Structures are given as C-alpha cells and as structure tokens.
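To be precise, the following lines are coords-v7.csv, and they hold CSV, C-alpha atoms.
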chain,number,residue,atom,x,y,z
A,1,MET,CA,39.4,-65.7,-169.8
A,2,ARG,CA,38.2,-66.1,-166.3
A,3,PRO,CA,40.8,-65.6,-163.5
A,4,THR,CA,41.6,-68.4,-161.1
A,5,ALA,CA,39.3,-68.3,-158.2
A,6,ARG,CA,40.8,-67.2,-154.9
A,7,PRO,CA,40.1,-65.1,-151.7
A,8,TYR,CA,40.2,-61.3,-152.0
A,9,LEU,CA,41.7,-58.9,-149.5
A,10,ALA,CA,39.7,-55.7,-148.9
A,11,ALA,CA,41.1,-52.7,-147.0
A,12,PRO,CA,40.6,-49.0,-146.8
A,13,ILE,CA,42.8,-46.9,-149.1
A,14,SER,CA,44.7,-45.6,-146.0
A,15,VAL,CA,45.7,-49.1,-145.1
A,16,LEU,CA,46.8,-50.0,-148.6
A,17,ARG,CA,49.2,-47.0,-148.7
A,18,ARG,CA,51.0,-47.9,-145.5
A,19,ALA,CA,54.5,-49.3,-145.6
A,20,ASN,CA,53.5,-52.4,-143.6
A,21,TRP,CA,50.7,-53.5,-146.1
A,22,PRO,CA,53.0,-56.1,-147.8
A,23,LEU,CA,53.7,-57.6,-144.4
A,24,ARG,CA,50.0,-57.8,-143.5
A,25,VAL,CA,49.4,-59.6,-146.9
A,26,ARG,CA,52.1,-62.1,-146.1
A,27,GLN,CA,50.6,-62.7,-142.6
A,28,ILE,CA,47.1,-63.3,-144.0
A,29,ARG,CA,48.5,-65.5,-146.8
A,30,GLU,CA,50.1,-67.7,-144.1
A,31,LEU,CA,46.8,-68.0,-142.3
A,32,VAL,CA,44.8,-69.1,-145.4
A,33,ASP,CA,47.7,-71.0,-147.1
A,34,GLU,CA,46.6,-70.1,-150.6
A,35,PRO,CA,47.1,-67.3,-153.1
A,36,LEU,CA,45.2,-64.0,-152.5
A,37,TRP,CA,44.0,-61.1,-154.6
A,38,GLY,CA,44.4,-57.6,-153.2
A,39,PRO,CA,43.4,-54.2,-154.4
A,40,ALA,CA,46.9,-52.8,-154.2
A,41,THR,CA,48.1,-55.1,-156.9
A,42,LEU,CA,44.9,-55.3,-159.0
A,43,PHE,CA,43.8,-51.7,-159.2
A,44,SER,CA,45.6,-48.4,-159.8
A,45,SER,CA,42.7,-46.1,-158.9
A,46,THR,CA,39.1,-46.1,-157.5
A,47,VAL,CA,37.8,-45.6,-161.1
A,48,GLU,CA,39.6,-48.8,-162.2
A,49,TRP,CA,38.2,-50.7,-159.1
A,50,LEU,CA,34.7,-49.5,-159.9
A,51,ARG,CA,35.0,-50.7,-163.5
A,52,GLU,CA,36.7,-54.1,-162.8
A,53,TRP,CA,35.2,-55.1,-159.5
A,54,PRO,CA,32.0,-56.7,-161.0
A,55,ARG,CA,34.0,-58.9,-163.3
A,56,LEU,CA,36.5,-60.0,-160.6
A,57,LEU,CA,33.7,-60.7,-158.1
A,58,ARG,CA,32.6,-63.8,-160.0
A,59,SER,CA,36.0,-65.4,-159.2
A,60,ILE,CA,36.2,-64.5,-155.6
A,61,THR,CA,35.9,-67.4,-153.2
A,62,GLY,CA,35.8,-65.4,-150.0
A,63,LEU,CA,36.6,-61.9,-148.6
A,64,ILE,CA,39.1,-61.0,-145.9
A,65,VAL,CA,38.6,-57.4,-144.7
A,66,VAL,CA,41.5,-55.6,-143.1
A,67,PRO,CA,40.1,-52.6,-141.2
A,68,ASP,CA,42.1,-49.5,-140.4
A,69,THR,CA,43.9,-49.1,-137.0
A,70,ASP,CA,40.7,-47.6,-135.5
A,71,SER,CA,38.7,-50.6,-136.8
A,72,SER,CA,37.1,-48.5,-139.5
A,73,ILE,CA,36.1,-49.4,-143.1
A,74,GLY,CA,35.0,-47.2,-145.9
A,75,ALA,CA,32.2,-47.4,-148.4
A,76,GLY,CA,34.3,-49.5,-150.8
A,77,CYS,CA,34.9,-52.2,-148.2
A,78,LEU,CA,31.2,-52.1,-147.3
A,79,ARG,CA,30.3,-52.7,-150.9
A,80,GLU,CA,32.7,-55.5,-151.3
A,81,ILE,CA,31.3,-57.2,-148.1
A,82,SER,CA,27.8,-56.8,-149.4
A,83,ASP,CA,28.6,-58.1,-152.9
A,84,VAL,CA,30.5,-61.2,-151.6
A,85,LEU,CA,27.8,-62.0,-149.0
A,86,GLY,CA,25.2,-61.6,-151.8
A,87,LEU,CA,26.9,-64.5,-153.6
A,88,ASP,CA,26.7,-66.6,-150.4
A,89,ARG,CA,30.5,-66.6,-150.0
A,90,ASP,CA,32.4,-66.3,-146.7
A,91,VAL,CA,33.6,-63.0,-145.3
A,92,TRP,CA,36.2,-62.6,-142.5
A,93,ILE,CA,37.7,-59.7,-140.6
A,94,HIS,CA,41.5,-59.8,-140.0
A,95,GLU,CA,41.9,-58.7,-136.4
A,96,ASN,CA,44.9,-59.3,-134.0
A,97,GLY,CA,46.4,-61.9,-136.3
A,98,THR,CA,43.3,-64.0,-136.6
A,99,LEU,CA,40.4,-64.3,-139.0
A,100,ILE,CA,37.0,-63.7,-137.5
A,101,SER,CA,34.0,-65.0,-139.3
A,102,TRP,CA,31.4,-62.4,-140.4
A,103,GLY,CA,28.8,-64.0,-138.2
A,104,GLU,CA,31.0,-63.1,-135.1
A,105,VAL,CA,31.6,-59.5,-136.2
A,106,ILE,CA,30.0,-56.4,-134.7
A,107,VAL,CA,29.4,-53.6,-137.2
A,108,ARG,CA,28.9,-50.1,-135.8
A,109,PRO,CA,28.0,-47.1,-138.0
A,110,VAL,CA,30.2,-44.1,-137.4
A,111,ALA,CA,28.5,-40.8,-136.3
A,112,ARG,CA,29.7,-38.8,-139.3
A,113,PRO,CA,30.1,-41.2,-142.3
A,114,THR,CA,32.2,-40.3,-145.3
A,115,ARG,CA,33.2,-42.5,-148.2
A,116,PHE,CA,36.5,-43.3,-146.3
A,117,LYS,CA,34.8,-44.2,-143.0
A,118,VAL,CA,31.3,-45.6,-142.7
A,119,ALA,CA,31.6,-48.1,-139.9
A,120,THR,CA,33.8,-49.8,-137.4
A,121,VAL,CA,34.1,-53.6,-137.4
A,122,GLY,CA,35.5,-56.0,-134.8
A,123,GLY,CA,35.1,-59.4,-133.1
A,124,ALA,CA,32.1,-60.1,-131.1
A,125,ILE,CA,31.6,-62.4,-128.1
A,126,ARG,CA,34.4,-64.8,-128.9
A,127,GLN,CA,37.4,-64.0,-131.0
A,128,SER,CA,38.7,-67.4,-132.1
A,129,ALA,CA,40.9,-68.0,-135.1
A,130,LYS,CA,39.0,-69.2,-138.2
A,131,SER,CA,40.7,-71.2,-140.8
A,132,VAL,CA,39.4,-70.8,-144.4
A,133,GLU,CA,37.5,-73.9,-145.5
A,134,ARG,CA,38.2,-74.8,-149.1
A,135,GLY,CA,35.1,-75.6,-151.2
A,136,PRO,CA,34.7,-78.4,-153.7

Turn this file's structure into structure tokens for me.
Amino acid sequence: MRPTARPYLAAPISVLRRANWPLRVRQIRELVDEPLWGPATLFSSTVEWLREWPRLLRSITGLIVVPDTDSSIGAGCLREISDVLGLDRDVWIHENGTLISWGEVIVRPVARPTRFKVATVGGAIRQSAKSVERGP
C-alpha cells in the first residue's frame, strides 16, 4: 500500500534530537497547512532511513529542510534534497519562520565536511515567505 502523499521535513540528526523539535514541526505545519512527514517519527535509525527512504520518496510532494542553528546540513539532508529535486518536486529551507524556495537558497560547502556537516544553506537576495502550492 502506498502512503498518502505529503511534504517531508528533513533535518540534521542534531536538530531532531532537540527538545524544541516538536515545536518546529508545529510551526512548519502551520505555514503549509497540511500534514507532514518527518524523520523523527518515521525512522528509528540511520539504517532504517537508508532502507525505507527510496520507497517513501515516491510519495513525497515536496521537501522542507530545517538546518542546524549554524545553518548547516549533513550528507543525509543533501541526499534528500537531491532525490526530491531529481523528481522535479519543490524544496524549501525553513529559516527565520519562513519557507525559502530552493531557487533563492545559497549553498556553501564547509571547509572540513563530515557526514554530519557538508554545507551551510540560507536565503539569498530576498527572503520572502513562500507558501506551498498544492498540485493537482
């Protein structure tokens, strides 16, 4: 059975483990006004994410990335971004209470990448709120 299509939240493991993660999820849910999937409720480990991600990907309508406090993302988020863009679906960054479209995001590689930190991401020239457009 195929799950109901919906947007997916992506975040570094360090963000998912913070006490304020449920609050962040609620804030984002209010912005998009629809149910969301998130790794903290879907996967119990990186191994499980690696196994299940390809199947879940087919049902993802868009991706919302929540970077760490230093604006960094890890290799897992980078893979999720690439996979969702590869399906011609929308990607946004959640920054300062708004959703910034991927086309307005600046991506900077970090000097010493690790699987937990490969790049920093943030809004570009204009940082306007973006509402999620629902497809047909």

- Task: Would you mind listing what lies within 8 Å of Thr61 in chain A as a ChimeraX atom specification, with only C-alpha atoms counted and same-chain residues fewer than 3 positions away left out?
- Result: /A:5-8,89-90

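Separating CA of Cys77 in chain A from CA of Ile100 in chain A is a distance of 15.8 Å.
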
- Query: Counting all atoms listed in the file, what is within 10 Å of Thr69 in chain A, bar same-chain residues fewer than 6 positions away, as a PyMOL selection string?
  - Reply: chain A and resi 14-15+95

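Minimum atom-to-atom distances from A:Gly62, A:Ala111, A:Ile81, A:Trp49 to Glu34 in chain A were compared using all atoms listed in the file, and the lowest value belongs to A:Gly62.
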
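Remark: residues at most 12 Å from position (45.5, -51.1, -156.1) in file coordinates are Leu9, Ala10, Ala11, Pro12, Ile13, Ser14, Val15, Leu16, Arg17, Trp21, Trp37, Gly38, Pro39, Ala40, Thr41, Leu42, Phe43, Ser44, Ser45, Thr46, Val47, Glu48, Trp49, Leu50, Glu52 and Trp53 of chain A, using only C-alpha atoms.
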
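Between CA of Leu78 in chain A and CA of Thr114 in chain A there is a distance of 12.0 Å.
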
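Nearest to Val110 in chain A of all the residues A:Leu31, A:Arg18, A:Leu57, A:Ala75 is A:Ala75, counting all atoms listed in the file.
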
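Between CA of Val84 in chain A and CA of Ile60 in chain A the interatomic distance comes to 7.7 Å.
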
- Tell me which of A:Gly76, A:Gly122, A:Gly86, A:Asp68 sits closest to Gly103 in chain A, counting all atoms listed in the file. A:Gly122
